[in-house]
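Report on the structure given below.
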Amino acid sequence: MVRRPLSALLSSRPSLTRGRELARAAVDSTTDVLHPLFVIARGLRRQAGWARDWWGSTPKDRRGPALLASVGAGFLVLVLLPYGAYLMFAAWMGSAGWMGRDRTPAPTGPSGPENDRLTALYEALVPYLSVADDPSPLYAHDGSWENAFGDHVFEDGRLVRLHLKYPAYFTDGEPAARARVEHVLHAKVGRGREYRFEWNEEENHLTLTALPPLPTGIAAQRFVTSPGETVLGFTDPGSVQRTVPVQDGEEVRDAPPVVWRTGPRSTEPHLLALGHPGTGTTTLLRSIALQALPEGDVVVVDGSGTGEYAFLSGRPGVMAVESGLAGTLATLEWAAHETERRLIAVNRARQAGRTAPDDVRRPLWILVDRPTVLSQLAHAESRPDPQELLDIPLRHGRAAGVTVAVADHLDGAEALSHVVVAQTRARVLLGAVTAEQTQAVLGAPQCSTSAAQVPPGRGYVRLGTGPVLRMQVPATPDPFDEDAGDAHRQAVMALLPPADGAHGAEPREREAETAETPGAVMVSEPSGAVRPAGDPALEH
């Protein structure tokens, strides 16, 4: 007996697998072709069974007359009707096909595991939606979930939508009572996802919906917006009334944006963004700066001093990038004087009946990251608080075309000045936050439960007195950060205007030069001239 080598045995296995696949495909094709014959054969078998049952159930004294009547009727059809034989054969085959169809009833209602999940959810709600003296409780330990639960949708064994009724005496107007029910539903339906609860107090209905995760692949890019509009991020479809085309990876699709409108007619001219470290507040300010540069001038104050905005140095429209206390004080003092100058110019132009000058109509953006750090440093050195210098731009910036965006950590929000908190009506809260934190920052309850693990840039936004929306900030990393994705870093660099000829040095070289002269800050005027802070011309 000759033994085949192991390599030959291994090489024969793919051929056997391929042969099995071909045989299975041939069987499936034959079954599809012969399916009508199988149906008719099944119908003929059922007809034969029906005839046998009829013959057995008919009394013996009536079998003969019944058989004679049937044969006579068939003979008359064959003789008197044209094409009678064909008609009888067609009727016979048609009845056989009808009786041979698959009459397996389609499954209705939830499956066994789904029914168990709904039962457990119903039992968990009984202590919260029932009282002891209710004569006919909707929720009872011996009750059934069919009476309380309406529409329910499962996907992959997990509940994604549930519509339930609750008794009229439930205190749905109290936030604490709502929170207890929402907490139970969140725990029983499944953690790890975000859920939206829609309370219908008029009809005593509650709808739970599992929200899909917001896309995180949208990078910084030129968004289709009107002048004075800034895209803060993207939210759920249906939450806003417009969409914009975006590049998401390799495809272009429409996404619902969160648009922040600034300018003289804006009701929310300034923004405050709070979040835990690493949640994306700095990313949000970088995204705003890139969108503001084509049509406006930008002043950046980096209180953390980590160089997250160094890539903006020397770019057209970037009037200053400061991280030191002395430079920050000089820059914000200039910004206050510039706001006053713009107000005077606008007032004089209106009194003279002409439009404001171009340098006044050009928007000025003041982006301040971590001002509480600089405030603490100023307090230690007995110097003016940088947040106090934001008073004039915040109070009068809307009429002067000046917009202020402040970002800070949530744990240091108590150190923010009163004017910053009072004048920033557009609010952003990023990261995994609690309902109490959302209420304190946004002034309204959050629109969904917060997941335990959220990607950077994920959070909530509220513009003025509008609704609270989920939001994902576009990926806008520091292009000098080697840990960030190369595609996102290249997208940021593509949005930067080319460096001025007068400032042809690279941002990192410029940052090193500025560090050699402590307290110096380079301030660019709209005309393109550059003056160091402390110049007497900047004091008026």
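Chains: A, B, ... in order of the structure tokens. Residues: from 1 per chain. Ligands: from 1, in order shown.
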
Selection near region 81-95 of chain A, 10 Å with only C-alpha atoms, sequence-local residues under 3 positions removed, as a PyMOL selection string: chain A and resi 40-41+43-44+47+74-78+98-100

How would the residues just chosen look if you wrote them out with C-alpha atoms as a compact mmCIF listing (two decimals), in the first residue's frame?
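And here's out_7.txt as it stands now:
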# COMPACT_ATOMS: atom_id res chain seq x y z
CA ILE A 40 -48.38 20.42 -6.48
CA ALA A 41 -47.26 16.99 -5.23
CA GLY A 43 -51.32 19.35 -2.68
CA LEU A 44 -52.21 16.07 -4.41
CA GLN A 47 -56.29 16.01 -1.65
CA GLY A 74 -67.66 15.41 -14.13
CA PHE A 75 -69.02 13.61 -17.22
CA LEU A 76 -71.41 16.47 -17.96
CA VAL A 77 -68.54 18.98 -17.74
CA LEU A 78 -66.45 16.91 -20.14
CA TRP A 98 -53.48 25.98 -3.33
CA MET A 99 -53.67 23.08 -0.89
CA GLY A 100 -49.92 22.42 -1.19

Applying 10 Å and only C-alpha atoms, which residues near Val224 (chain A) remain after dropping the ones on its own chain fewer than 3 positions away? List them as a PyMOL selection string. chain A and resi 221+227+229-231+243-246

Two-atom distance - CA of Pro175 (chain A), CA of Arg462 (chain A) (Å): 19.3 Å

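Between CA of Ser448 (chain A) and CA of Arg470 (chain A) lies a distance of 7.9 Å.
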
As a PyMOL selection string, please: the residues near Leu416 (chain A) (cut-off 9 Å, only C-alpha atoms, same-chain neighbours under 5 positions excluded). chain A and resi 371-372+375+387+408+421

Any idea what's packed within 10 Å of Asp411 (chain A), counting only C-alpha atoms, ignoring anything in its chain fewer than 6 positions away? Could you give it as a ChimeraX atom specification? /A:274-277

Please produce an output containing N, CA and C atoms for each residue in the selection, written as a compact mmCIF listing (two decimals), in the first residue's frame.
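Result written to result.txt:
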# COMPACT_ATOMS: atom_id res chain seq x y z
N LEU A 274 -17.37 73.56 28.58
CA LEU A 274 -16.82 72.94 29.77
C LEU A 274 -16.73 71.43 29.56
N GLY A 275 -15.80 70.82 30.24
CA GLY A 275 -15.65 69.37 30.14
C GLY A 275 -14.49 68.91 30.99
N HIS A 276 -14.41 67.63 31.20
CA HIS A 276 -13.30 67.05 31.92
C HIS A 276 -12.05 67.04 31.04
N PRO A 277 -10.86 66.89 31.62
CA PRO A 277 -9.65 66.84 30.78
C PRO A 277 -9.72 65.73 29.74

Between CA of Glu340 (chain A) and CA of Asp359 (chain A) - distance in Å to one decimal: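 CA of Glu340 (chain A) lies at a distance of 13.4 Å from CA of Asp359 (chain A).
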
Can you list, as a list in words, every residue of region 330-366 of chain A that DSSP puts in helix (DSSP H, G or I)? Ala330, Thr331, Leu332, Glu333, Trp334, Ala335, Ala336, His337, Glu338, Thr339, Glu340, Arg341, Arg342, Leu343, Ile344, Ala345, Val346, Asn347, Arg348, Ala349, Arg350, Gln351, Ala352, Asp358, Asp359, Val360 and Arg361 of chain A

Can I get the selection written as a tab-separated table (two decimals), in the first residue's frame, with N, CA, C and O atoms?
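Wrote part.tsv, looks like this:
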chain	number	residue	atom	x	y	z
A	330	ALA	N	-1.73	91.91	28.14
A	330	ALA	CA	-1.59	92.92	27.09
A	330	ALA	C	-2.55	92.66	25.94
A	330	ALA	O	-3.16	93.59	25.39
A	331	THR	N	-2.70	91.41	25.57
A	331	THR	CA	-3.59	91.08	24.44
A	331	THR	C	-5.05	91.37	24.79
A	331	THR	O	-5.78	91.96	23.98
A	332	LEU	N	-5.49	90.95	25.97
A	332	LEU	CA	-6.89	91.18	26.34
A	332	LEU	C	-7.16	92.67	26.59
A	332	LEU	O	-8.28	93.14	26.35
A	333	GLU	N	-6.15	93.40	27.05
A	333	GLU	CA	-6.34	94.85	27.20
A	333	GLU	C	-6.51	95.50	25.83
A	333	GLU	O	-7.36	96.38	25.64
A	334	TRP	N	-5.72	95.04	24.87
A	334	TRP	CA	-5.90	95.55	23.50
A	334	TRP	C	-7.27	95.18	22.96
A	334	TRP	O	-7.93	95.99	22.28
A	335	ALA	N	-7.73	93.96	23.25
A	335	ALA	CA	-9.05	93.54	22.77
A	335	ALA	C	-10.15	94.41	23.36
A	335	ALA	O	-11.13	94.74	22.67
A	336	ALA	N	-10.01	94.80	24.63
A	336	ALA	CA	-11.02	95.68	25.22
A	336	ALA	C	-11.01	97.05	24.54
A	336	ALA	O	-12.07	97.61	24.23
A	337	HIS	N	-9.80	97.60	24.31
A	337	HIS	CA	-9.73	98.88	23.61
A	337	HIS	C	-10.26	98.77	22.18
A	337	HIS	O	-10.91	99.69	21.68
A	338	GLU	N	-9.98	97.65	21.53
A	338	GLU	CA	-10.46	97.47	20.16
A	338	GLU	C	-11.99	97.39	20.13
A	338	GLU	O	-12.62	97.91	19.20
A	339	THR	N	-12.58	96.75	21.12
A	339	THR	CA	-14.04	96.70	21.19
A	339	THR	C	-14.62	98.10	21.36
A	339	THR	O	-15.61	98.46	20.69
A	340	GLU	N	-14.01	98.91	22.23
A	340	GLU	CA	-14.48	100.29	22.40
A	340	GLU	C	-14.31	101.09	21.13
A	340	GLU	O	-15.21	101.87	20.74
A	341	ARG	N	-13.16	100.92	20.44
A	341	ARG	CA	-12.95	101.65	19.19
A	341	ARG	C	-14.00	101.27	18.15
A	341	ARG	O	-14.52	102.14	17.43
A	342	ARG	N	-14.33	100.01	18.07
A	342	ARG	CA	-15.33	99.58	17.11
A	342	ARG	C	-16.70	100.15	17.46
A	342	ARG	O	-17.46	100.55	16.56
A	343	LEU	N	-17.03	100.17	18.73
A	343	LEU	CA	-18.32	100.74	19.12
A	343	LEU	C	-18.42	102.20	18.73
A	343	LEU	O	-19.45	102.67	18.22
A	344	ILE	N	-17.34	102.96	18.97
A	344	ILE	CA	-17.35	104.38	18.61
A	344	ILE	C	-17.47	104.54	17.10
A	344	ILE	O	-18.23	105.40	16.60
A	345	ALA	N	-16.74	103.73	16.33
A	345	ALA	CA	-16.79	103.84	14.87
A	345	ALA	C	-18.18	103.49	14.35
A	345	ALA	O	-18.69	104.15	13.43
A	346	VAL	N	-18.81	102.46	14.91
A	346	VAL	CA	-20.16	102.09	14.48
A	346	VAL	C	-21.15	103.20	14.81
A	346	VAL	O	-22.02	103.54	13.99
A	347	ASN	N	-21.04	103.78	16.00
A	347	ASN	CA	-21.95	104.85	16.40
A	347	ASN	C	-21.80	106.07	15.50
A	347	ASN	O	-22.80	106.68	15.06
A	348	ARG	N	-20.57	106.46	15.18
A	348	ARG	CA	-20.35	107.61	14.31
A	348	ARG	C	-20.86	107.33	12.90
A	348	ARG	O	-21.42	108.23	12.26
A	349	ALA	N	-20.66	106.13	12.42
A	349	ALA	CA	-21.14	105.81	11.07
A	349	ALA	C	-22.67	105.87	11.01
A	349	ALA	O	-23.24	106.35	10.03
A	350	ARG	N	-23.34	105.38	12.05
A	350	ARG	CA	-24.80	105.44	12.05
A	350	ARG	C	-25.30	106.87	12.13
A	350	ARG	O	-26.29	107.24	11.48
A	351	GLN	N	-24.63	107.70	12.94
A	351	GLN	CA	-25.06	109.09	13.03
A	351	GLN	C	-24.86	109.83	11.71
A	351	GLN	O	-25.64	110.72	11.38
A	352	ALA	N	-23.81	109.46	10.96
A	352	ALA	CA	-23.55	110.10	9.68
A	352	ALA	C	-24.35	109.48	8.55
A	352	ALA	O	-24.28	109.97	7.41
A	358	ASP	N	-14.67	98.98	6.96
A	358	ASP	CA	-14.43	97.56	6.73
A	358	ASP	C	-13.71	96.90	7.91
A	358	ASP	O	-13.99	95.75	8.24
A	359	ASP	N	-12.77	97.63	8.55
A	359	ASP	CA	-12.04	97.01	9.65
A	359	ASP	C	-12.94	96.79	10.87
A	359	ASP	O	-12.61	96.00	11.76
A	360	VAL	N	-14.06	97.52	10.93
A	360	VAL	CA	-15.01	97.32	12.02
A	360	VAL	C	-15.97	96.18	11.70
A	360	VAL	O	-16.36	95.42	12.59
A	361	ARG	N	-16.33	96.05	10.46
A	361	ARG	CA	-17.27	94.98	10.08
A	361	ARG	C	-16.60	93.61	10.02
A	361	ARG	O	-17.29	92.59	10.04

Out of A:Val71, A:Met319, A:Ala25, A:Met493, which residue has the shortest atom-to-atom distance to Leu290 (chain A) when counting only C-alpha atoms? A:Met493

Excluding same-chain residues fewer than 6 positions from Arg180 (chain A), what lies within 10 Å of it counting only C-alpha atoms, as a PyMOL selection string? chain A and resi 125+128+186

For Tyr309 (chain A), which residue among A:Val79, A:Thr30, A:Val492, A:Ser70 is the nearest when counting only C-alpha atoms? A:Val492

Can you list, as a ChimeraX atom specification, every protein, DNA or RNA residue that comes within 10 Å of Arg383 (chain A) when you count only C-alpha atoms, leaving out same-chain residues fewer than 4 positions away? /A:325-326,329,375-379

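For the choices A:Ala484, A:Arg370, A:Thr267, A:Ala292, the atom-to-atom distance to Arg425 (chain A) is smallest for A:Thr267 when using only C-alpha atoms.
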